[in-house]
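Below is final_15.txt, holding compact mmCIF, N, CA and C atoms.
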```txt
# COMPACT_ATOMS: atom_id res chain seq x y z
N GLN A 28 0.85 -1.19 0.00
CA GLN A 28 0.00 0.00 0.00
C GLN A 28 0.88 1.24 0.00
N VAL A 29 0.62 2.14 -0.93
CA VAL A 29 1.38 3.38 -1.03
C VAL A 29 0.57 4.52 -0.42
N GLN A 30 1.20 5.30 0.40
CA GLN A 30 0.55 6.49 0.96
C GLN A 30 1.26 7.73 0.45
N LEU A 31 0.46 8.71 0.07
CA LEU A 31 0.98 9.96 -0.45
C LEU A 31 0.45 11.10 0.40
N VAL A 32 1.33 12.02 0.77
CA VAL A 32 0.93 13.15 1.60
C VAL A 32 1.42 14.43 0.93
N GLU A 33 0.45 15.26 0.51
CA GLU A 33 0.79 16.53 -0.10
C GLU A 33 0.91 17.61 0.97
N SER A 34 1.72 18.60 0.66
CA SER A 34 1.84 19.76 1.55
C SER A 34 2.30 20.95 0.72
N GLY A 35 2.20 22.13 1.33
CA GLY A 35 2.70 23.32 0.67
C GLY A 35 1.64 24.23 0.10
N GLY A 36 0.38 23.84 0.18
CA GLY A 36 -0.67 24.69 -0.33
C GLY A 36 -0.88 25.91 0.54
N GLY A 37 -1.66 26.84 0.02
CA GLY A 37 -1.94 28.05 0.79
C GLY A 37 -2.48 29.14 -0.08
N LEU A 38 -2.46 30.34 0.47
CA LEU A 38 -2.95 31.53 -0.23
C LEU A 38 -1.76 32.29 -0.82
N VAL A 39 -1.86 32.65 -2.08
CA VAL A 39 -0.79 33.39 -2.74
C VAL A 39 -1.41 34.43 -3.66
N GLN A 40 -0.73 35.53 -3.84
CA GLN A 40 -1.24 36.58 -4.71
C GLN A 40 -0.98 36.24 -6.18
N PRO A 41 -1.79 36.76 -7.07
CA PRO A 41 -1.53 36.55 -8.50
C PRO A 41 -0.12 36.98 -8.86
N GLY A 42 0.54 36.16 -9.69
CA GLY A 42 1.92 36.42 -10.05
C GLY A 42 2.92 35.79 -9.10
N GLY A 43 2.45 35.29 -7.99
CA GLY A 43 3.34 34.70 -7.00
C GLY A 43 3.71 33.27 -7.30
N SER A 44 4.47 32.69 -6.37
CA SER A 44 4.97 31.33 -6.54
C SER A 44 4.66 30.50 -5.31
N LEU A 45 4.60 29.20 -5.55
CA LEU A 45 4.34 28.25 -4.47
C LEU A 45 4.95 26.92 -4.89
N THR A 46 5.46 26.18 -3.91
CA THR A 46 5.98 24.85 -4.20
C THR A 46 5.22 23.81 -3.38
N LEU A 47 4.64 22.86 -4.07
CA LEU A 47 3.96 21.75 -3.42
C LEU A 47 4.89 20.56 -3.31
N SER A 48 4.72 19.80 -2.24
CA SER A 48 5.49 18.58 -2.04
C SER A 48 4.55 17.39 -1.91
N CYS A 49 5.01 16.24 -2.34
CA CYS A 49 4.26 15.00 -2.20
C CYS A 49 5.23 13.95 -1.67
N ALA A 50 5.06 13.59 -0.41
CA ALA A 50 5.92 12.60 0.21
C ALA A 50 5.26 11.23 0.11
N ALA A 51 6.02 10.25 -0.40
CA ALA A 51 5.48 8.91 -0.60
C ALA A 51 6.04 7.95 0.44
N SER A 52 5.22 6.97 0.79
CA SER A 52 5.67 5.98 1.77
C SER A 52 6.57 4.93 1.15
N GLY A 53 6.47 4.78 -0.18
CA GLY A 53 7.27 3.78 -0.85
C GLY A 53 8.45 4.40 -1.58
N ASN A 54 9.20 3.54 -2.26
CA ASN A 54 10.34 3.98 -3.05
C ASN A 54 9.84 4.50 -4.39
N ILE A 55 9.85 5.83 -4.56
CA ILE A 55 9.25 6.39 -5.77
C ILE A 55 10.00 6.00 -7.03
N PHE A 56 11.25 5.56 -6.88
CA PHE A 56 11.99 5.15 -8.07
C PHE A 56 11.35 3.92 -8.70
N SER A 57 10.62 3.17 -7.90
CA SER A 57 9.97 1.97 -8.43
C SER A 57 8.65 2.28 -9.14
N PHE A 58 8.17 3.50 -8.98
CA PHE A 58 6.88 3.85 -9.59
C PHE A 58 7.06 4.09 -11.08
N ASN A 59 6.06 3.70 -11.86
CA ASN A 59 6.10 3.96 -13.30
C ASN A 59 6.09 5.46 -13.59
N ALA A 60 5.28 6.17 -12.81
CA ALA A 60 5.16 7.61 -13.01
C ALA A 60 4.53 8.24 -11.79
N MET A 61 4.78 9.53 -11.63
CA MET A 61 4.08 10.30 -10.62
C MET A 61 3.51 11.53 -11.30
N ARG A 62 2.33 11.91 -10.86
CA ARG A 62 1.60 12.97 -11.54
C ARG A 62 1.01 13.93 -10.52
N TRP A 63 0.70 15.11 -11.01
CA TRP A 63 -0.09 16.07 -10.25
C TRP A 63 -1.38 16.35 -11.03
N TYR A 64 -2.45 16.43 -10.28
CA TYR A 64 -3.76 16.80 -10.80
C TYR A 64 -4.29 17.94 -9.95
N ARG A 65 -5.34 18.58 -10.45
CA ARG A 65 -6.02 19.58 -9.64
C ARG A 65 -7.53 19.50 -9.93
N GLN A 66 -8.29 19.98 -8.97
CA GLN A 66 -9.74 19.91 -9.10
C GLN A 66 -10.40 21.12 -8.48
N VAL A 67 -11.33 21.68 -9.24
CA VAL A 67 -12.16 22.78 -8.79
C VAL A 67 -13.55 22.21 -8.51
N PRO A 68 -14.21 22.67 -7.47
CA PRO A 68 -15.55 22.15 -7.17
C PRO A 68 -16.47 22.21 -8.38
N GLY A 69 -17.16 21.11 -8.64
CA GLY A 69 -18.08 21.07 -9.75
C GLY A 69 -17.46 20.70 -11.09
N LYS A 70 -16.13 20.51 -11.10
CA LYS A 70 -15.45 20.16 -12.34
C LYS A 70 -14.69 18.86 -12.18
N ASP A 71 -14.36 18.23 -13.31
CA ASP A 71 -13.58 17.01 -13.28
C ASP A 71 -12.15 17.30 -12.83
N ARG A 72 -11.52 16.28 -12.28
CA ARG A 72 -10.12 16.41 -11.91
C ARG A 72 -9.30 16.57 -13.19
N GLU A 73 -8.38 17.53 -13.17
CA GLU A 73 -7.60 17.90 -14.35
C GLU A 73 -6.16 17.44 -14.18
N TRP A 74 -5.65 16.70 -15.14
CA TRP A 74 -4.24 16.33 -15.13
C TRP A 74 -3.39 17.56 -15.44
N ILE A 75 -2.28 17.70 -14.69
CA ILE A 75 -1.41 18.85 -14.87
C ILE A 75 -0.06 18.44 -15.43
N THR A 76 0.57 17.44 -14.81
CA THR A 76 1.93 17.11 -15.19
C THR A 76 2.29 15.70 -14.73
N THR A 77 3.25 15.11 -15.44
CA THR A 77 3.76 13.77 -15.15
C THR A 77 5.27 13.77 -15.15
N ILE A 78 5.85 12.98 -14.25
CA ILE A 78 7.27 12.69 -14.31
C ILE A 78 7.41 11.17 -14.26
N THR A 79 8.14 10.61 -15.21
CA THR A 79 8.27 9.16 -15.29
C THR A 79 9.43 8.67 -14.44
N ARG A 80 9.54 7.35 -14.37
CA ARG A 80 10.64 6.75 -13.62
C ARG A 80 11.97 7.27 -14.16
N GLY A 81 12.04 7.46 -15.45
CA GLY A 81 13.26 7.95 -16.08
C GLY A 81 13.37 9.47 -16.11
N SER A 82 12.48 10.14 -15.37
CA SER A 82 12.49 11.60 -15.20
C SER A 82 12.08 12.37 -16.45
N ARG A 83 11.40 11.71 -17.37
CA ARG A 83 10.81 12.47 -18.46
C ARG A 83 9.57 13.18 -17.93
N THR A 84 9.35 14.39 -18.42
CA THR A 84 8.23 15.19 -17.93
C THR A 84 7.30 15.58 -19.06
N ASN A 85 6.07 15.84 -18.68
CA ASN A 85 5.06 16.28 -19.63
C ASN A 85 4.10 17.20 -18.89
N TYR A 86 3.58 18.21 -19.58
CA TYR A 86 2.75 19.23 -18.94
C TYR A 86 1.49 19.51 -19.75
N ALA A 87 0.44 19.84 -19.03
CA ALA A 87 -0.76 20.34 -19.70
C ALA A 87 -0.47 21.74 -20.23
N ASP A 88 -1.14 22.09 -21.32
CA ASP A 88 -0.91 23.40 -21.92
C ASP A 88 -1.20 24.54 -20.95
N SER A 89 -2.14 24.31 -20.05
CA SER A 89 -2.56 25.37 -19.13
C SER A 89 -1.47 25.77 -18.14
N VAL A 90 -0.48 24.90 -17.94
CA VAL A 90 0.58 25.20 -16.96
C VAL A 90 1.97 25.19 -17.58
N LYS A 91 2.07 24.83 -18.84
CA LYS A 91 3.38 24.71 -19.49
C LYS A 91 4.11 26.06 -19.45
N GLY A 92 5.37 26.00 -19.03
CA GLY A 92 6.16 27.22 -18.93
C GLY A 92 6.05 27.92 -17.59
N ARG A 93 5.08 27.53 -16.78
CA ARG A 93 4.90 28.15 -15.46
C ARG A 93 5.14 27.17 -14.33
N PHE A 94 4.79 25.92 -14.53
CA PHE A 94 4.93 24.89 -13.49
C PHE A 94 6.07 23.94 -13.86
N THR A 95 6.73 23.43 -12.83
CA THR A 95 7.81 22.46 -13.04
C THR A 95 7.67 21.32 -12.04
N ILE A 96 7.66 20.10 -12.56
CA ILE A 96 7.63 18.92 -11.70
C ILE A 96 9.05 18.38 -11.56
N SER A 97 9.37 17.92 -10.36
CA SER A 97 10.67 17.32 -10.13
C SER A 97 10.53 16.28 -9.03
N LYS A 98 11.57 15.49 -8.85
CA LYS A 98 11.51 14.49 -7.79
C LYS A 98 12.87 14.29 -7.17
N ASP A 99 12.85 13.85 -5.93
CA ASP A 99 14.05 13.51 -5.21
C ASP A 99 13.88 12.06 -4.76
N ASN A 100 14.49 11.15 -5.49
CA ASN A 100 14.31 9.73 -5.18
C ASN A 100 14.80 9.38 -3.78
N ALA A 101 15.85 10.04 -3.34
CA ALA A 101 16.40 9.75 -2.02
C ALA A 101 15.43 10.12 -0.90
N LYS A 102 14.62 11.16 -1.16
CA LYS A 102 13.65 11.60 -0.16
C LYS A 102 12.26 11.05 -0.44
N ASN A 103 12.12 10.29 -1.52
CA ASN A 103 10.79 9.77 -1.91
C ASN A 103 9.76 10.88 -1.98
N THR A 104 10.15 11.97 -2.60
CA THR A 104 9.31 13.16 -2.65
C THR A 104 9.27 13.72 -4.06
N VAL A 105 8.08 14.12 -4.46
CA VAL A 105 7.88 14.79 -5.74
C VAL A 105 7.44 16.22 -5.45
N TYR A 106 7.89 17.14 -6.28
CA TYR A 106 7.62 18.55 -6.08
C TYR A 106 6.88 19.14 -7.28
N LEU A 107 6.13 20.18 -7.00
CA LEU A 107 5.51 20.95 -8.07
C LEU A 107 5.81 22.41 -7.79
N GLN A 108 6.72 22.98 -8.56
CA GLN A 108 7.05 24.39 -8.46
C GLN A 108 6.09 25.15 -9.35
N MET A 109 5.36 26.07 -8.77
CA MET A 109 4.36 26.83 -9.51
C MET A 109 4.73 28.31 -9.49
N ASN A 110 4.95 28.86 -10.65
CA ASN A 110 5.30 30.28 -10.80
C ASN A 110 4.22 31.00 -11.59
N SER A 111 4.27 32.32 -11.52
CA SER A 111 3.32 33.15 -12.27
C SER A 111 1.88 32.67 -12.07
N LEU A 112 1.53 32.46 -10.83
CA LEU A 112 0.21 31.91 -10.52
C LEU A 112 -0.91 32.88 -10.89
N ARG A 113 -2.01 32.29 -11.32
CA ARG A 113 -3.18 33.05 -11.77
C ARG A 113 -4.39 32.64 -10.92
N PRO A 114 -5.39 33.49 -10.84
CA PRO A 114 -6.59 33.10 -10.08
C PRO A 114 -7.19 31.79 -10.56
N GLU A 115 -7.08 31.50 -11.84
CA GLU A 115 -7.65 30.26 -12.37
C GLU A 115 -6.85 29.02 -11.97
N ASP A 116 -5.71 29.21 -11.31
CA ASP A 116 -4.97 28.07 -10.77
C ASP A 116 -5.51 27.63 -9.42
N THR A 117 -6.45 28.40 -8.89
CA THR A 117 -7.05 28.05 -7.61
C THR A 117 -7.75 26.70 -7.71
N ALA A 118 -7.38 25.77 -6.82
CA ALA A 118 -7.91 24.41 -6.87
C ALA A 118 -7.34 23.61 -5.71
N VAL A 119 -7.84 22.41 -5.56
CA VAL A 119 -7.20 21.43 -4.69
C VAL A 119 -6.26 20.60 -5.57
N TYR A 120 -5.01 20.51 -5.16
CA TYR A 120 -3.99 19.82 -5.94
C TYR A 120 -3.73 18.45 -5.34
N TYR A 121 -3.73 17.44 -6.20
CA TYR A 121 -3.58 16.05 -5.78
C TYR A 121 -2.34 15.43 -6.41
N CYS A 122 -1.65 14.66 -5.60
CA CYS A 122 -0.53 13.87 -6.07
C CYS A 122 -1.03 12.47 -6.41
N ASN A 123 -0.47 11.91 -7.47
CA ASN A 123 -0.86 10.57 -7.92
C ASN A 123 0.39 9.76 -8.21
N ALA A 124 0.37 8.51 -7.78
CA ALA A 124 1.46 7.59 -8.09
C ALA A 124 0.91 6.42 -8.87
N TYR A 125 1.55 6.12 -9.99
CA TYR A 125 1.13 4.99 -10.81
C TYR A 125 2.16 3.89 -10.69
N LEU A 126 1.71 2.80 -10.09
CA LEU A 126 2.55 1.60 -9.95
C LEU A 126 1.72 0.49 -10.57
N SER A 127 2.02 0.19 -11.80
CA SER A 127 1.17 -0.69 -12.61
C SER A 127 0.74 -1.95 -11.86
N PRO A 128 -0.54 -2.25 -11.87
CA PRO A 128 -1.63 -1.56 -12.55
C PRO A 128 -2.44 -0.63 -11.66
N TYR A 129 -1.85 -0.17 -10.59
CA TYR A 129 -2.61 0.59 -9.59
C TYR A 129 -2.26 2.09 -9.60
N ASP A 130 -3.29 2.86 -9.27
CA ASP A 130 -3.13 4.29 -9.03
C ASP A 130 -3.33 4.57 -7.54
N TYR A 131 -2.49 5.44 -7.01
CA TYR A 131 -2.62 5.86 -5.61
C TYR A 131 -2.75 7.37 -5.57
N TRP A 132 -3.53 7.84 -4.59
CA TRP A 132 -3.82 9.28 -4.50
C TRP A 132 -3.54 9.80 -3.10
N GLY A 133 -3.12 11.05 -3.06
CA GLY A 133 -3.03 11.73 -1.79
C GLY A 133 -4.35 12.38 -1.44
N GLN A 134 -4.38 13.08 -0.32
CA GLN A 134 -5.62 13.67 0.16
C GLN A 134 -5.84 15.07 -0.42
N GLY A 135 -4.82 15.63 -1.04
CA GLY A 135 -4.95 16.94 -1.66
C GLY A 135 -4.49 18.07 -0.77
N THR A 136 -4.07 19.14 -1.41
CA THR A 136 -3.70 20.37 -0.71
C THR A 136 -4.28 21.54 -1.48
N ARG A 137 -4.86 22.48 -0.75
CA ARG A 137 -5.59 23.57 -1.40
C ARG A 137 -4.67 24.73 -1.73
N VAL A 138 -4.81 25.22 -2.95
CA VAL A 138 -4.09 26.41 -3.40
C VAL A 138 -5.11 27.47 -3.79
N THR A 139 -4.97 28.64 -3.20
CA THR A 139 -5.85 29.76 -3.52
C THR A 139 -5.01 30.92 -4.03
N VAL A 140 -5.33 31.37 -5.22
CA VAL A 140 -4.61 32.50 -5.82
C VAL A 140 -5.57 33.69 -5.85
N SER A 141 -5.29 34.66 -5.00
CA SER A 141 -6.19 35.78 -4.86
C SER A 141 -5.47 36.97 -4.27
N SER A 142 -5.91 38.17 -4.65
CA SER A 142 -5.35 39.38 -4.06
C SER A 142 -6.19 39.83 -2.87
```

I need this file expressed as structure tokens, please.
Amino acid sequence: QVQLVESGGGLVQPGGSLTLSCAASGNIFSFNAMRWYRQVPGKDREWITTITRGSRTNYADSVKGRFTISKDNAKNTVYLQMNSLRPEDTAVYYCNAYLSPYDYWGQGTRVTVSS
């Protein structure tokens, strides 16, 4: 069983930055991929970014150039660096770990972008 714990959410002004962390109970190097998603009330969960076991990354167009995913295998932690934040980035952000054939989810951390 994999447990994921997100942290780092909070209130930030438009144009500001925030870094989210996702600490995993297992060895993240063994995971096929780790991803970040976000969800706004009343909407489907939106995929944001993926980092593979081999550290290849991919981003949704809505965050490309502003967000960066990275990982520290030694700390079993994945990060989401978010820059140039906009009010429309306000959401609950979820960490996901894919260990074939299973998906694991964290409990989410709330990010609010507002002046």

Residues within 8 Å of (-7.8, 12.8, -3.6), counting all atoms listed in the file, listed as a PDB file with N, CA and C atoms, keeping the file's coordinate frame:
```pdb
ATOM      1  N   TYR A 120      -5.010  20.510  -5.160  1.00  0.00           N
ATOM      2  CA  TYR A 120      -3.990  19.820  -5.940  1.00  0.00           C
ATOM      3  C   TYR A 120      -3.730  18.450  -5.340  1.00  0.00           C
ATOM      4  N   TYR A 121      -3.730  17.440  -6.200  1.00  0.00           N
ATOM      5  CA  TYR A 121      -3.580  16.050  -5.780  1.00  0.00           C
ATOM      6  C   TYR A 121      -2.340  15.430  -6.410  1.00  0.00           C
ATOM      7  N   CYS A 122      -1.650  14.660  -5.600  1.00  0.00           N
ATOM      8  CA  CYS A 122      -0.530  13.870  -6.070  1.00  0.00           C
ATOM      9  C   CYS A 122      -1.030  12.470  -6.410  1.00  0.00           C
ATOM     10  N   TYR A 131      -2.490   5.440  -7.010  1.00  0.00           N
ATOM     11  CA  TYR A 131      -2.620   5.860  -5.610  1.00  0.00           C
ATOM     12  C   TYR A 131      -2.750   7.370  -5.570  1.00  0.00           C
ATOM     13  N   TRP A 132      -3.530   7.840  -4.590  1.00  0.00           N
ATOM     14  CA  TRP A 132      -3.820   9.280  -4.500  1.00  0.00           C
ATOM     15  C   TRP A 132      -3.540   9.800  -3.100  1.00  0.00           C
ATOM     16  N   GLY A 133      -3.120  11.050  -3.060  1.00  0.00           N
ATOM     17  CA  GLY A 133      -3.030  11.730  -1.790  1.00  0.00           C
ATOM     18  C   GLY A 133      -4.350  12.380  -1.440  1.00  0.00           C
ATOM     19  N   GLN A 134      -4.380  13.080  -0.320  1.00  0.00           N
ATOM     20  CA  GLN A 134      -5.620  13.670   0.160  1.00  0.00           C
ATOM     21  C   GLN A 134      -5.840  15.070  -0.420  1.00  0.00           C
ATOM     22  N   GLY A 135      -4.820  15.630  -1.040  1.00  0.00           N
ATOM     23  CA  GLY A 135      -4.950  16.940  -1.660  1.00  0.00           C
ATOM     24  C   GLY A 135      -4.490  18.070  -0.770  1.00  0.00           C
ATOM     25  N   THR A 136      -4.070  19.140  -1.410  1.00  0.00           N
ATOM     26  CA  THR A 136      -3.700  20.370  -0.710  1.00  0.00           C
ATOM     27  C   THR A 136      -4.280  21.540  -1.480  1.00  0.00           C
TER      28      THR A 136
END
```

Ref. answer, residues at most 6.5 Å from (9.0, 2.5, -13.6) with all atoms listed in the file, as a list of chain:residue names: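 Residues with an atom at most 6.5 Å from (9.0, 2.5, -13.6): A:Phe56, A:Ser57, A:Phe58, A:Asn59, A:Ala60, A:Thr79, A:Arg80, A:Gly81.
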
Convert the current residue selection to file output with N, CA and C atoms, as a short mmCIF file (atom, residue, chain, number, x, y, z; two decimals), in the frame of the given file.
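Everything below was put into part.cif:
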```cif
data_model
loop_
_atom_site.label_atom_id
_atom_site.label_comp_id
_atom_site.auth_asym_id
_atom_site.auth_seq_id
_atom_site.Cartn_x
_atom_site.Cartn_y
_atom_site.Cartn_z
N PHE A 56 11.25 5.56 -6.88
CA PHE A 56 11.99 5.15 -8.07
C PHE A 56 11.35 3.92 -8.70
N SER A 57 10.62 3.17 -7.90
CA SER A 57 9.97 1.97 -8.43
C SER A 57 8.65 2.28 -9.14
N PHE A 58 8.17 3.50 -8.98
CA PHE A 58 6.88 3.85 -9.59
C PHE A 58 7.06 4.09 -11.08
N ASN A 59 6.06 3.70 -11.86
CA ASN A 59 6.10 3.96 -13.30
C ASN A 59 6.09 5.46 -13.59
N ALA A 60 5.28 6.17 -12.81
CA ALA A 60 5.16 7.61 -13.01
C ALA A 60 4.53 8.24 -11.79
N THR A 79 8.14 10.61 -15.21
CA THR A 79 8.27 9.16 -15.29
C THR A 79 9.43 8.67 -14.44
N ARG A 80 9.54 7.35 -14.37
CA ARG A 80 10.64 6.75 -13.62
C ARG A 80 11.97 7.27 -14.16
N GLY A 81 12.04 7.46 -15.45
CA GLY A 81 13.26 7.95 -16.08
C GLY A 81 13.37 9.47 -16.11
#
```

A:Pro114, A:Ser97, A:Leu38, A:Ser48 ranked by distance to Ser82 (chain A), top pick (using all atoms listed in the file): A:Ser97

Residue among A:Gln40, A:Ala118, A:Ser142, A:Asn123 lying closest to Gln66 (chain A), counting only C-alpha atoms: A:Ala118

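By chain and then residue number, the residues within 6 Å of Ala51 (chain A) are A:Gln30, A:Leu31, A:Val32, A:Asn103, A:Thr104, A:Val105, counting all atoms listed in the file and disregarding those fewer than 5 positions away in sequence.
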
Length of the atom N of Lys98 (chain A) to atom C of Val67 (chain A) vector [Å]: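 Atom-to-atom, atom N of Lys98 (chain A) and atom C of Val67 (chain A) are spaced 26.0 Å apart.
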
Atomic separation - atom C of Thr139 (chain A) relative to CA of Asp116 (chain A), Å: 7.3 Å

All strand (DSSP E) residues (DSSP, backbone) inside chain A, as a PyMOL selection string: chain A and resi 31-34+37-39+45-51+60-66+73-79+84-86+94-99+104-109+118-126+129-132+136-140

All helix (DSSP H, G or I) residues (DSSP, backbone) inside region 82-121 of chain A, as a ChimeraX atom specification: /A:100-102,114-116

For Lys102 (chain A), the nearest of the candidates A:Gly53, A:Pro68, A:Gly35, A:Pro128, counting only C-alpha atoms: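 With only C-alpha atoms as the atom set, the closest residue is A:Gly53.
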
Closest of A:Gln108, A:Ser141, A:Ser127, A:Thr77 to Gly92 (chain A) - atom-to-atom distances counting only C-alpha atoms: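 Of the candidates, the smallest distance to Gly92 (chain A) is held by A:Gln108.
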
Of the listed residues A:Ser44, A:Gly37, A:Cys49, A:Val119, that which approaches Asn100 (chain A) most closely, counting only C-alpha atoms: A:Cys49

d(CA of Asp99 (chain A), CA of Asn85 (chain A)) in Å: 17.2 Å

Please put the answer as JSON: centre and edge lengths, in Å with one decimal, of a box along x, y and z that encloses all listed atoms of region 63-69 of chain A plus 3 Å on each side.
```
{"center_x": -8.7, "center_y": 18.9, "center_z": -9.1, "size_x": 24.8, "size_y": 13.7, "size_z": 9.9}
```

Contacts of Arg113 (chain A) at 6 Å (all atoms listed in the file; same-chain gap of 3+ positions) as number ranges by chain: A: 41-42, 116-117, 140

Nearest-residue call for Asn110 (chain A), choices A:Phe94, A:Ala124, A:Glu73, A:Tyr64, using only C-alpha atoms: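 Ranking A:Phe94, A:Ala124, A:Glu73, A:Tyr64 by distance to Asn110 (chain A), first place goes to A:Phe94.
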